[in-house]
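Just input11.txt here, compact mmCIF, C-alpha atoms:
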# COMPACT_ATOMS: atom_id res chain seq x y z
CA MET H 276 108.46 123.72 113.43
CA ILE H 277 105.38 122.77 111.43
CA GLU H 278 102.51 125.23 111.57
CA LEU H 279 99.08 124.61 110.05
CA LYS H 280 96.69 127.54 109.85
CA ASN H 281 93.05 126.73 109.11
CA VAL H 282 93.99 124.25 106.37
CA THR H 283 91.10 122.99 104.23
CA PHE H 284 91.56 120.68 101.25
CA SER H 285 89.03 119.02 98.96
CA TYR H 286 89.54 116.61 96.08
CA LYS H 287 87.81 117.47 92.81
CA GLY H 288 84.26 116.17 92.80
CA ALA H 289 84.29 115.19 96.48
CA LYS H 290 81.23 116.14 98.53
CA ILE H 291 83.15 116.29 101.81
CA PRO H 292 86.55 118.00 102.35
CA ALA H 293 89.48 115.66 102.99
CA LEU H 294 90.76 118.24 105.50
CA TYR H 295 88.67 120.87 107.23
CA GLY H 296 89.96 123.77 109.33
CA ILE H 297 93.17 122.07 110.47
CA THR H 298 95.11 124.33 112.83
CA ALA H 299 98.14 123.08 114.76
CA GLN H 300 101.74 123.62 115.74
CA VAL H 301 104.09 120.65 115.83
CA GLY H 302 107.60 121.03 117.23
CA SER H 303 110.56 118.68 117.21
CA GLY H 304 110.21 115.04 118.19
CA LEU H 305 108.43 111.92 117.02
CA TYR H 306 104.66 112.36 116.56
CA LEU H 307 101.94 109.81 115.99
CA LEU H 308 99.37 110.70 113.32
CA ALA H 309 96.28 108.55 113.91
CA GLY H 310 92.74 108.43 112.58
CA GLU H 311 90.23 106.08 111.03
CA ASN H 312 90.41 105.10 107.36
CA GLY H 313 89.54 108.16 105.30
CA ALA H 314 90.14 110.61 108.15
CA GLY H 315 92.57 112.63 106.01
CA LYS H 316 95.95 111.47 107.36
CA THR H 317 97.67 110.89 104.02
CA THR H 318 96.22 114.10 102.59
CA LEU H 319 97.58 116.02 105.58
CA LEU H 320 101.04 114.55 104.98
CA HIS H 321 100.83 115.62 101.34
CA VAL H 322 99.92 119.18 102.37
CA ILE H 323 102.79 119.38 104.88
CA ALA H 324 105.20 118.06 102.22
CA GLY H 325 103.99 120.64 99.69
CA LEU H 326 102.59 117.97 97.36
CA ALA H 327 98.99 119.15 97.76
CA HIS H 328 97.93 122.79 97.88
CA PRO H 329 95.04 123.58 100.25
CA GLN H 330 92.10 125.59 98.96
CA ALA H 331 92.12 127.54 102.23
CA GLY H 332 94.72 128.10 104.92
CA THR H 333 98.47 127.51 104.78
CA SER H 334 101.02 124.94 105.91
CA TYR H 335 104.41 126.25 107.05
CA ILE H 336 107.76 124.64 107.81
CA ASP H 337 109.97 127.01 109.78
CA ALA H 338 107.76 129.94 108.70
CA HIS H 339 108.09 129.07 104.98
CA PRO H 340 104.90 127.99 103.14
CA SER H 341 105.15 124.30 102.23
CA CYS H 342 103.71 124.81 98.77
CA THR H 343 106.41 127.19 97.45
CA ASN H 344 108.42 124.18 96.19
CA LYS H 345 111.71 126.09 96.28
CA PRO H 346 114.62 123.63 95.96
CA THR H 347 116.31 124.96 99.10
CA GLU H 348 113.14 124.37 101.12
CA MET H 349 112.12 121.07 99.51
CA GLY H 350 115.43 119.68 100.79
CA ASP H 351 114.08 120.14 104.33
CA VAL H 352 111.18 117.67 104.02
CA PHE H 353 110.70 114.12 102.76
CA LEU H 354 107.57 111.97 102.57
CA LEU H 355 107.89 108.19 102.41
CA GLU H 356 104.51 106.89 101.32
CA ASP H 357 103.19 103.39 101.80
CA ASN H 358 103.80 101.15 98.74
CA MET H 359 105.99 103.89 97.23
CA ARG H 360 108.21 102.92 94.29
CA PHE H 361 111.68 104.41 93.89
CA PRO H 362 113.20 104.71 90.40
CA GLY H 363 116.54 102.95 90.03
CA LYS H 364 117.62 99.32 90.01
CA THR H 365 118.99 99.38 93.55
CA ILE H 366 118.59 101.65 96.55
CA ARG H 367 122.20 102.72 96.08
CA GLU H 368 121.53 103.74 92.48
CA PHE H 369 118.51 105.72 93.64
CA LYS H 370 120.59 107.29 96.42
CA ASN H 371 123.23 108.44 93.91
CA LEU H 372 120.55 110.21 91.86
CA HIS H 373 118.37 111.57 94.64
CA SER H 374 120.46 112.39 97.72
CA ARG H 375 122.18 115.36 96.02
CA PHE H 376 118.99 117.35 96.70
CA TYR H 377 119.32 116.76 100.46
CA PRO H 378 122.34 118.61 101.87
CA ASN H 379 122.24 116.82 105.24
CA PHE H 380 122.21 113.30 103.80
CA SER H 381 124.63 111.01 105.65
CA GLU H 382 126.35 108.24 103.68
CA GLU H 383 127.54 106.77 106.96
CA LYS H 384 124.03 106.55 108.43
CA PHE H 385 122.72 105.13 105.17
CA ASP H 386 125.25 102.29 105.31
CA GLU H 387 124.59 101.70 109.02
CA ASN H 388 120.83 101.57 108.46
CA LEU H 389 121.16 99.08 105.60
CA LYS H 390 123.45 96.89 107.67
CA ALA H 391 120.99 96.94 110.57
CA PHE H 392 118.28 95.68 108.22
CA GLY H 393 120.62 92.99 106.84
CA GLN H 394 121.03 94.58 103.40
CA SER H 395 123.95 95.75 101.29
CA GLY H 396 121.98 98.23 99.21
CA ASN H 397 122.96 96.46 95.99
CA GLU H 398 119.95 94.16 95.93
CA LEU H 399 117.61 94.64 92.94
CA MET H 400 114.58 96.54 94.20
CA ASN H 401 112.22 94.91 91.70
CA SER H 402 113.17 91.54 93.20
CA HIS H 403 112.61 92.64 96.80
CA SER H 404 109.68 91.41 98.84
CA LEU H 405 107.46 94.25 100.09
CA GLY H 406 109.09 93.99 103.51
CA ASN H 407 112.65 94.15 102.20
CA LEU H 408 111.74 97.00 99.86
CA LYS H 409 110.37 98.93 102.84
CA LYS H 410 113.59 98.27 104.78
CA ALA H 411 115.70 99.66 101.91
CA GLN H 412 113.51 102.75 101.62
CA LEU H 413 113.54 103.39 105.38
CA SER H 414 117.34 103.03 105.40
CA TYR H 415 117.51 105.86 102.90
CA ALA H 416 114.79 108.08 104.40
CA LEU H 417 116.30 107.94 107.88
CA ALA H 418 119.70 109.01 106.52
CA LEU H 419 118.44 112.16 104.78
CA GLY H 420 118.73 114.40 107.84
CA VAL H 421 115.70 116.47 106.81
CA LYS H 422 114.02 118.83 109.26
CA VAL H 423 110.67 117.14 108.64
CA LEU H 424 110.39 113.43 107.87
CA LEU H 425 106.91 112.09 107.11
CA LEU H 426 106.39 108.33 107.26
CA ASP H 427 103.10 106.85 106.05
CA GLU H 428 102.55 103.36 107.55
CA PRO H 429 106.31 102.65 107.89
CA THR H 430 105.80 99.30 109.67
CA ASN H 431 103.52 97.84 106.99
CA ALA H 432 105.00 94.60 105.60
CA LEU H 433 107.82 94.57 108.17
CA ASP H 434 108.38 91.37 110.14
CA ILE H 435 108.79 91.40 113.92
CA GLU H 436 112.56 91.75 113.69
CA GLY H 437 112.20 94.55 111.12
CA LYS H 438 109.85 96.50 113.40
CA GLU H 439 112.29 96.20 116.29
CA THR H 440 115.15 97.36 114.07
CA LEU H 441 113.07 100.33 112.89
CA ARG H 442 112.39 101.34 116.51
CA LYS H 443 116.12 101.32 117.23
CA LEU H 444 117.02 103.22 114.06
CA ILE H 445 114.45 105.96 114.64
CA ALA H 446 115.72 106.41 118.19
CA ALA H 447 119.32 106.56 116.92
CA ASN H 448 118.71 108.79 113.89
CA ILE H 449 116.32 111.46 115.12
CA SER H 450 117.99 114.74 116.12
CA GLU H 451 116.78 117.28 118.66
CA ASN H 452 115.77 119.70 115.89
CA GLN H 453 113.99 117.18 113.71
CA THR H 454 110.29 116.40 113.44
CA ILE H 455 109.15 112.93 112.40
CA ILE H 456 105.44 112.31 111.86
CA VAL H 457 104.36 108.68 111.63
CA SER H 458 100.94 107.90 110.23
CA THR H 459 99.95 104.41 111.35
CA HIS H 460 97.06 102.18 112.35
CA THR H 461 99.31 100.00 114.51
CA VAL H 462 100.17 102.39 117.34
CA SER H 463 101.89 99.70 119.42
CA ASP H 464 104.75 99.26 116.92
CA LEU H 465 106.40 102.55 117.92
CA GLU H 466 104.32 103.61 120.91
CA LYS H 467 107.15 103.94 123.44
CA LEU H 468 108.98 106.39 121.15
CA PHE H 469 106.21 108.91 120.54
CA ASP H 470 106.77 112.38 122.00
CA GLY H 471 103.32 113.53 120.97
CA ALA H 472 100.35 112.86 118.72
CA MET H 473 98.00 114.30 116.14
CA ILE H 474 94.62 112.53 116.28
CA MET H 475 92.10 113.01 113.47
CA GLN H 476 88.48 112.13 112.84
CA GLN H 477 86.45 112.76 109.69
CA SER H 478 88.71 115.42 108.15
CA LYS H 479 89.20 117.30 111.42
CA LEU H 480 91.95 117.39 114.01
CA LEU H 481 90.64 116.30 117.41
CA PHE H 482 93.89 116.71 119.32
CA VAL H 483 97.49 117.73 118.84
CA GLY H 484 100.00 117.88 121.68
CA THR H 485 102.98 116.36 123.41
CA GLU H 486 103.11 113.52 125.90
CA GLU H 487 103.78 116.13 128.57
CA ASP H 488 100.62 118.02 127.57
CA VAL H 489 98.53 114.86 128.00
CA ALA H 490 100.22 113.69 131.21
CA GLU H 491 99.49 117.04 132.84
CA LYS H 492 95.76 116.55 132.27
CA LEU H 493 95.12 112.78 132.13
CA ALA H 494 96.22 109.67 134.03
CA PHE H 495 96.08 106.12 132.62
CA GLU H 496 95.69 103.27 135.13
CA TYR H 497 94.93 99.55 134.88
CA SER H 498 92.45 97.88 137.22
CA ASN H 499 90.55 94.61 137.57
CA HIS H 500 87.27 96.45 137.19
CA PRO H 501 85.85 99.53 135.46
CA ASP H 502 85.69 102.70 137.52
CA MET H 503 82.47 104.68 137.26
CA ASP H 504 84.40 107.77 138.35
CA SER H 505 86.84 107.55 135.44
CA LEU H 506 86.54 109.72 132.33
CA TYR H 507 86.82 106.62 130.13
CA SER H 508 87.17 102.89 130.72
CA GLU H 509 88.16 100.12 128.30
CA ASN H 510 88.39 96.34 128.73
CA ILE H 511 91.76 95.04 127.53
CA GLY H 512 92.27 91.30 127.86
CA GLY H 513 90.17 91.01 130.99
CA ARG H 514 91.62 94.10 132.70
CA TYR H 515 90.35 97.64 132.51
CA LEU H 516 92.30 100.68 131.45
CA ASN H 517 90.73 103.70 133.12
CA ILE H 518 91.47 107.29 132.16
CA TYR H 519 91.22 109.89 134.92
CA SER H 520 91.89 113.54 135.46
CA SER H 521 95.53 113.78 136.51
CA VAL H 522 94.48 116.18 139.27
CA ASP H 523 93.16 113.22 141.26
CA HIS H 524 95.77 110.62 140.25
CA GLU H 525 99.53 110.28 140.00
CA GLU H 526 101.17 111.02 136.67
CA THR H 527 101.44 107.94 134.44
CA ARG H 528 102.82 107.18 131.01
CA VAL H 529 100.43 108.14 128.22
CA ASP H 530 98.69 105.26 126.48
CA TRP H 531 98.27 106.65 122.96
CA ARG H 532 96.05 103.77 121.80
CA ALA H 533 93.68 104.34 124.73
CA LEU H 534 93.64 108.09 124.11
CA TYR H 535 92.79 107.48 120.45
CA LEU H 536 89.91 105.16 121.38
CA ALA H 537 88.64 107.58 124.02
CA LEU H 538 88.63 110.44 121.53
CA HIS H 539 86.60 108.29 119.12
CA SER H 540 84.10 107.19 121.76
CA ASP H 541 80.97 108.76 123.24
CA LYS H 542 83.29 110.18 125.94
CA SER H 543 85.17 112.27 123.38
CA GLN H 544 83.91 115.68 124.50
CA CYS H 545 84.67 114.86 128.12
CA ILE H 546 88.26 113.94 127.23
CA ILE H 547 88.72 116.98 125.00
CA SER H 548 87.36 119.28 127.70
CA GLN H 549 89.85 117.86 130.20
CA LEU H 550 92.74 118.30 127.74
CA GLN H 551 91.75 121.92 127.11
CA LYS H 552 91.70 122.91 130.78

Please, can you express the file's structure as structure tokens?
Amino acid sequence: MIELKNVTFSYKGAKIPALYGITAQVGSGLYLLAGENGAGKTTLLHVIAGLAHPQAGTSYIDAHPSCTNKPTEMGDVFLLEDNMRFPGKTIREFKNLHSRFYPNFSEEKFDENLKAFGQSGNELMNSHSLGNLKKAQLSYALALGVKVLLLDEPTNALDIEGKETLRKLIAANISENQTIIVSTHTVSDLEKLFDGAMIMQQSKLLFVGTEEDVAEKLAFEYSNHPDMDSLYSENIGGRYLNIYSSVDHEETRVDWRALYLALHSDKSQCIISQLQK
């Protein structure tokens, strides 16, 4: 369980906080973290991982403050950043040095993940393309077995086949007690896997909740025309996606991209009010 209590964080010299008053509880499952550029997504991941200490408020993982940096607790969380560089000539060399700090690391899963991505793990990382480097890193991260796995733009640089493999590996590797937060601008890459979402705007958290939370309050339906009675309507390739109150419509699968756009539109307060009922 991740718990954020009124977290505020500012970078030195910045006029506006990177995070402001973030309060949320995130349970097990796969969560989307979405927001515009500069919304504070990467900073929030750093706070959860204990790599950035908020000036106000606290981040907890299973009731332990993230920023304590105790070895026993640091082994429960891992952040894979975009364009991150691992020390070591190969991913296997890095694994031999690094995995000892993660008691739930699985050698078997590591090998299976590498094989799925078409790698042996003995390839020189400094000779990898960005896509193949990301595949090696994801193979390792998904084998750690940490309680909280934070992935910042994990599909960046992956080809179509790599994205499909990642979808399958996340589905196969996530456990019922694990939380994976994926920060991404390309929601469609993993959309069918998300159990919930955290949606940010300008340093603040607009929404956090599960797919069940959203489906109880909102319905997403396609039509050939916009509906003036809908809470929000968007033209997608000549058809309209309309968002309604679920009270008046049958339950449908949540469209996270549409929810994100609705929360960043002039209908935002209407959508938020419906979600808070």

*Considering only C-alpha atoms, state which residue in the set H:Leu516, H:Met503, H:Met475, H:Val462 is at the smallest distance from H:Glu311.*
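Among the listed residues, the smallest separation from H:Glu311 belongs to H:Met475.
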
*Find the spatial neighbours of H:Leu425, counting all atoms listed in the file, within a cut-off of 6 Å - ignore same-chain residues fewer than 5 positions away - and output them as a PyMOL selection string.*
chain H and resi 354+455-456

Written selection (C-alpha atoms) as a CSV table (one decimal), in the frame of the given file:
chain,number,residue,atom,x,y,z
H,354,LEU,CA,107.6,112.0,102.6
H,455,ILE,CA,109.2,112.9,112.4
H,456,ILE,CA,105.4,112.3,111.9

*So which one's closest to H:Ala314, H:Ile336, H:Ile291, H:Lys422, H:Glu398? Using all atoms listed in the file, please.*
H:Ile291

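The coordinates place atom CA of H:Lys290 at 27.5 Å from atom CA of H:Ile547.
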
*For H:Tyr295, the nearest of the candidates H:Ser341, H:Asn510, H:Gln476, H:Ser520, counting all atoms listed in the file*: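 Going through H:Ser341, H:Asn510, H:Gln476, H:Ser520 one by one, the smallest distance to H:Tyr295 is for H:Gln476.
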
_Among the residues H:Thr365, H:Gln330, H:Ser285, H:Asn379, the one that comes closest to H:Ser402 [using only C-alpha atoms]_ =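 Under the stated criterion, the closest residue is H:Thr365.
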
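Considering the residues H:Thr527, H:Asn431, H:Gln477, H:Asn401 and counting only C-alpha atoms, H:Pro292 has its shortest atom-to-atom contact with H:Gln477.
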
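Going from atom CA of H:Val489 to atom CA of H:Ser508 covers 16.7 Å.
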
*Mind giving me the straight-line distance from atom CA of H:Tyr497 to atom CA of H:Phe482 in Å, one decimal?*
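A separation of 23.2 Å between them.
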
*asked:* Here is a test: counting only C-alpha atoms, which residue of H:Met400, H:Met276, H:Leu355, H:Leu550 is nearest to H:Pro340?
replied: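 Closest candidate: H:Met276.
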
*Exercise: H:Tyr507 partners within 12 Å, all atoms listed in the file, chain neighbours under 6 positions left out, as a list in words*: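 Within the cut-off, the hits are Leu493, Ala494, Phe495, Glu496, Tyr497, Pro501, Tyr515, Leu516, Asn517, Ile518, Tyr519, Ser520, Ala533, Leu534, Tyr535, Leu536, Ala537, Leu538, His539, Ser540, Asp541, Lys542, Ser543, Gln544, Cys545, Ile546, Ile547 and Gln549 of chain H.
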
*List the neighbours of H:Leu405 out to 9 Å using only C-alpha atoms; skip same-chain residues closer than 5 positions along the sequence, and give me the result as a PyMOL selection string.*
chain H and resi 358+410+431-433

*Would you kindly return, as JSON, numbers by chain, each protein, DNA or RNA residue with an atom no farther than 10 Å from any atom of H:Ser303, considering all atoms listed in the file and excluding same-chain residues fewer than 3 positions away?*
{"H": [276, 277, 306, 422, 423, 449, 450, 451, 452, 453, 454, 455, 456, 470, 471]}

_Neighbour list for H:Leu319 as a ChimeraX atom specification, cut-off 12 Å, only C-alpha atoms, skip fewer than 3 positions in-chain_ = /H:277,279,282-285,292-299,308-310,313-316,322-329,333-334,341,354,425-427,456-458,473-475,478-480

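Once all atoms listed in the file are considered, the residues situated within 9 Å of the file point (118.2, 94.2, 105.4) turn out to be Asn388, Leu389, Lys390, Ala391, Phe392, Gly393, Gln394, Ser395, Gly396, Asn407, Leu408, Lys410, Ala411, Ser414 and Gly437 of chain H.
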
Written file, previous selection with C-alpha atoms, as a CSV table (one decimal), in the frame of the given file:
chain,number,residue,atom,x,y,z
H,388,ASN,CA,120.8,101.6,108.5
H,389,LEU,CA,121.2,99.1,105.6
H,390,LYS,CA,123.4,96.9,107.7
H,391,ALA,CA,121.0,96.9,110.6
H,392,PHE,CA,118.3,95.7,108.2
H,393,GLY,CA,120.6,93.0,106.8
H,394,GLN,CA,121.0,94.6,103.4
H,395,SER,CA,124.0,95.8,101.3
H,396,GLY,CA,122.0,98.2,99.2
H,407,ASN,CA,112.6,94.2,102.2
H,408,LEU,CA,111.7,97.0,99.9
H,410,LYS,CA,113.6,98.3,104.8
H,411,ALA,CA,115.7,99.7,101.9
H,414,SER,CA,117.3,103.0,105.4
H,437,GLY,CA,112.2,94.6,111.1
